[in-house]
Number of protein chains: 2
Amino acid sequence: MKNILVVEDDIDIHNLIKEILEKEQYKVFDSYSGTECLLLEKEKIDLILLDLMLPGLNGEEVIKRVKNIPIIVLSAKSSYDSKVNVLLSGANDYITKPFNKDELLARIKVQLRLSENKMEDSLELKYKDLNLNLDTRNLSLKDKSVQLTKTEFAIMKQLLINSGSVVTKSRLLDLINIDTEDCDENSLKVHISNIRRKIRKLTDVEYIEAVWGIGFKMCD
Amino acid sequence: MKNILVVEDDIDIHNLIKEILEKEQYKVFDSYSGTECLLLEKEKIDLILLDLMLPGLNGEEVIKRVKNIPIIVLSAKSSYDSKVNVLLSGANDYITKPFNKDELLARIKVQLRLSENKMEDSLELKYKDLNLNLDTRNLSLKDKSVQLTKTEFAIMKQLLINSGSVVTKSRLLDLINIDTEDCDENSLKVHISNIRRKIRKLTDVEYIEAVWGIGFKMCD
DNA sequence: ACAAAATCTTAAGCTTTTCTTAACCATTTT
DNA sequence: AAAATGGTTAAGAAAAGCTTAAGATTTTGT
């Protein structure tokens, strides 16, 4: 039985989420503000669902403080918040409101699974011979390593988290431009290309594969 | 088994901390005011967790009086206390409330480890050829040395303590401006620049490296 | 308490890194 | 074959970092 802390001040949304989660056998802890929410740490929270627009303490502060609990940010895409990019280095995932029930549950599962694996060696995401250091943004393979930029890191992290399945282009685009609407796939193409070039410095093996019309995935 | 003295007047926070520490096998001594806390020195306290807003004696006084025990200050960032800067020369570290459990434990470990090492070779933080005297704030390399200012020292100390990993800008900013909100990265840049200039007086080798978009670290 | 010295912050201009745009070609789908 | 998607590259724009200097603030010495 997993404990999930829901930090959301809008009562309707809060209750909706709570209902969804409890139906899936999660134990839900409620918080309606940022300051309040941190006291709940002693409850062995396994995951935090965090609304960005909080009264009192703002969401970004919460993310800074909470270190070893996965955080999924709930963000209203319409709300202009150019700093969300920054948040992504701290938060583990995010979902835009209005969100889809199944997507929410799927992402929760991913994060819970990840954090179970992370317990031991934390700080690193691995796939085959590839290691991504979540702290330094360093991507390494055996003795070689390259440094990823903020955006490259966000993309790579997402691909690694979902390794095995496809990550859609629109999902990746959200990581880059959460506040723009003009889905610029061109930019994404370039980032992927740059990541590939960096991986080529480490090995000749292909690691990132395109899935036509859908998105990208880690090669099997 | 290490003894930790918790000086905190808010009973909820106090108990929360106590619970966290005892779960980690620390022996906890309680104090709910500043005056009271000084009586406990005879207990062979290894570390003090100190809330700044104390009834009676204020936190700064406590720091002045306690000499050879590491002190970690708990400070509410929102609370305006313009003299907190001064504290940093006396306190060994600090954490802003609301704080994160793992961060708290990590910082405690660092301080305990440091103070154990200090027993022997006293008072110096080393990295490669660089030596930072924690008492005089003197930074030296071989026969040359320079004097750091309070802020430069706080930054350098943080980088040295975490040498090997990145220290985020926001963490470093907290060291400078604990009571202002206008996260002024410019100021930080200038301090880093000044530190670098001083190191340049000692050697041509680069010691501080920027990690784009994240913060700074000691060069590998 | 006052003046001098040291330190810190602000602001500007410059450099470097990163991101986006756009062009061009290859591959896949219709 | 045409249209759409993917890949690479290069150039310009934007963002982040570096340094310097001047003004503000704090500390220190008398």
# chains A, B, ... in the order shown; residues from 1 in each chain; ligands from 1
>>> interface_residues(of="chain A", to="chain C", cutoff="10 Å", atoms="only C-alpha atoms (C1' of nucleotides)", output="PDB file with C-alpha atoms, in the first residue's frame")
ATOM      1  CA  THR A 149      22.569  20.602 -21.369  1.00  0.00           C
ATOM      2  CA  LYS A 150      19.423  21.277 -19.400  1.00  0.00           C
ATOM      3  CA  THR A 151      17.087  20.466 -22.270  1.00  0.00           C
ATOM      4  CA  ILE A 176      11.040  21.990 -23.742  1.00  0.00           C
ATOM      5  CA  ASP A 184       8.033  23.186 -32.710  1.00  0.00           C
ATOM      6  CA  ASN A 186      12.009  21.116 -35.489  1.00  0.00           C
ATOM      7  CA  SER A 187      13.639  22.134 -32.269  1.00  0.00           C
ATOM      8  CA  LEU A 188      13.047  18.702 -30.815  1.00  0.00           C
ATOM      9  CA  VAL A 190      17.752  19.161 -33.304  1.00  0.00           C
ATOM     10  CA  HIS A 191      17.975  18.305 -29.632  1.00  0.00           C
ATOM     11  CA  TRP A 212       7.429   7.100 -36.973  1.00  0.00           C
TER      12      TRP A 212
END
>>> interface_residues(of="chain D", to="chain B", cutoff="8 Å", atoms="only C-alpha atoms (C1' of nucleotides)", output="MDAnalysis selection string")
chainID D and resid 16:19
>>> write_last_selection(atoms="C-alpha atoms (C1' of nucleotides)", output="mmCIF file, in the first residue's frame")
data_model
loop_
_atom_site.group_PDB
_atom_site.id
_atom_site.type_symbol
_atom_site.label_atom_id
_atom_site.label_comp_id
_atom_site.auth_asym_id
_atom_site.auth_seq_id
_atom_site.Cartn_x
_atom_site.Cartn_y
_atom_site.Cartn_z
ATOM 1 C "C1'" DA D 16 23.830 32.320 -18.722
ATOM 2 C "C1'" DG D 17 28.219 33.337 -17.115
ATOM 3 C "C1'" DC D 18 32.447 36.504 -16.396
ATOM 4 C "C1'" DT D 19 34.632 40.661 -15.219
#
>>> closest_atom_pairs(of="chain B", to="chain A", cutoff="12 Å", atoms="only C-alpha atoms", output="JSON lines")
{"residue": "B:Asp12", "atom": "CA", "partner": "A:Leu39", "partner_atom": "CA", "distance": 9.0}
{"residue": "B:Ile13", "atom": "CA", "partner": "A:Leu39", "partner_atom": "CA", "distance": 8.2}
{"residue": "B:His14", "atom": "CA", "partner": "A:Leu39", "partner_atom": "CA", "distance": 11.5}
{"residue": "B:Asn15", "atom": "CA", "partner": "A:Lys42", "partner_atom": "CA", "distance": 10.7}
{"residue": "B:Leu16", "atom": "CA", "partner": "A:Lys42", "partner_atom": "CA", "distance": 7.3}
{"residue": "B:Ile17", "atom": "CA", "partner": "A:Lys42", "partner_atom": "CA", "distance": 9.5}
{"residue": "B:Lys18", "atom": "CA", "partner": "A:Lys42", "partner_atom": "CA", "distance": 11.1}
{"residue": "B:Glu19", "atom": "CA", "partner": "A:Lys42", "partner_atom": "CA", "distance": 8.4}
{"residue": "B:Ile20", "atom": "CA", "partner": "A:Lys42", "partner_atom": "CA", "distance": 7.7}
{"residue": "B:Leu21", "atom": "CA", "partner": "A:Lys42", "partner_atom": "CA", "distance": 11.5}
{"residue": "B:Lys23", "atom": "CA", "partner": "A:Lys42", "partner_atom": "CA", "distance": 10.9}
{"residue": "B:Ala76", "atom": "CA", "partner": "A:Thr35", "partner_atom": "CA", "distance": 11.1}
{"residue": "B:Lys77", "atom": "CA", "partner": "A:Leu57", "partner_atom": "CA", "distance": 10.7}
{"residue": "B:Ser78", "atom": "CA", "partner": "A:Leu57", "partner_atom": "CA", "distance": 9.6}
{"residue": "B:Ile95", "atom": "CA", "partner": "A:Arg65", "partner_atom": "CA", "distance": 9.7}
{"residue": "B:Thr96", "atom": "CA", "partner": "A:Arg65", "partner_atom": "CA", "distance": 8.8}
{"residue": "B:Lys97", "atom": "CA", "partner": "A:Arg65", "partner_atom": "CA", "distance": 8.8}
{"residue": "B:Pro98", "atom": "CA", "partner": "A:Leu38", "partner_atom": "CA", "distance": 6.3}
{"residue": "B:Phe99", "atom": "CA", "partner": "A:Arg65", "partner_atom": "CA", "distance": 5.9}
{"residue": "B:Asn100", "atom": "CA", "partner": "A:Arg65", "partner_atom": "CA", "distance": 5.3}
{"residue": "B:Lys101", "atom": "CA", "partner": "A:Glu41", "partner_atom": "CA", "distance": 7.3}
{"residue": "B:Asp102", "atom": "CA", "partner": "A:Lys67", "partner_atom": "CA", "distance": 7.0}
{"residue": "B:Glu103", "atom": "CA", "partner": "A:Lys67", "partner_atom": "CA", "distance": 7.3}
{"residue": "B:Leu104", "atom": "CA", "partner": "A:Arg65", "partner_atom": "CA", "distance": 10.2}
{"residue": "B:Leu105", "atom": "CA", "partner": "A:Lys67", "partner_atom": "CA", "distance": 11.7}
{"residue": "B:Ala106", "atom": "CA", "partner": "A:Lys67", "partner_atom": "CA", "distance": 11.1}
{"residue": "B:Gly164", "atom": "CA", "partner": "A:Thr136", "partner_atom": "CA", "distance": 9.7}
{"residue": "B:Ser165", "atom": "CA", "partner": "A:Thr136", "partner_atom": "CA", "distance": 7.0}
{"residue": "B:Val166", "atom": "CA", "partner": "A:Thr136", "partner_atom": "CA", "distance": 6.5}
{"residue": "B:Val167", "atom": "CA", "partner": "A:Asp135", "partner_atom": "CA", "distance": 9.7}
{"residue": "B:Thr168", "atom": "CA", "partner": "A:Asp135", "partner_atom": "CA", "distance": 9.9}
{"residue": "B:Lys169", "atom": "CA", "partner": "A:Lys64", "partner_atom": "CA", "distance": 11.6}
{"residue": "B:Ser170", "atom": "CA", "partner": "A:Lys64", "partner_atom": "CA", "distance": 8.8}
{"residue": "B:Arg171", "atom": "CA", "partner": "A:Lys64", "partner_atom": "CA", "distance": 9.3}
{"residue": "B:Asp174", "atom": "CA", "partner": "A:Lys64", "partner_atom": "CA", "distance": 11.8}
{"residue": "B:Glu181", "atom": "CA", "partner": "A:Glu61", "partner_atom": "CA", "distance": 11.6}
{"residue": "B:Ala210", "atom": "CA", "partner": "A:Thr136", "partner_atom": "CA", "distance": 11.3}
{"residue": "B:Val211", "atom": "CA", "partner": "A:Thr136", "partner_atom": "CA", "distance": 8.1}
{"residue": "B:Trp212", "atom": "CA", "partner": "A:Thr149", "partner_atom": "CA", "distance": 7.4}
{"residue": "B:Gly213", "atom": "CA", "partner": "A:Lys150", "partner_atom": "CA", "distance": 6.9}
{"residue": "B:Ile214", "atom": "CA", "partner": "A:Lys150", "partner_atom": "CA", "distance": 8.5}
{"residue": "B:Gly215", "atom": "CA", "partner": "A:Thr136", "partner_atom": "CA", "distance": 9.9}
{"residue": "B:Phe216", "atom": "CA", "partner": "A:Thr136", "partner_atom": "CA", "distance": 10.3}
{"residue": "B:Lys217", "atom": "CA", "partner": "A:Thr136", "partner_atom": "CA", "distance": 9.7}
>>> closest_residue(among="B:Val205, B:Leu50, B:Leu172, B:Leu125", to="Arg113 (chain B)", atoms="only C-alpha atoms")
B:Leu125
>>> residues_around(residues="Phe29 (chain A)", least_positions_apart="3", cutoff="8 Å", atoms="only C-alpha atoms (C1' of nucleotides)", output="PyMOL selection string")
chain A and resi 3-6
>>> closest_residue(among="B:Thr203, B:Ser75, B:Asn92, B:Ser31", to="Lys144 (chain B)", atoms="only C-alpha atoms")
B:Thr203
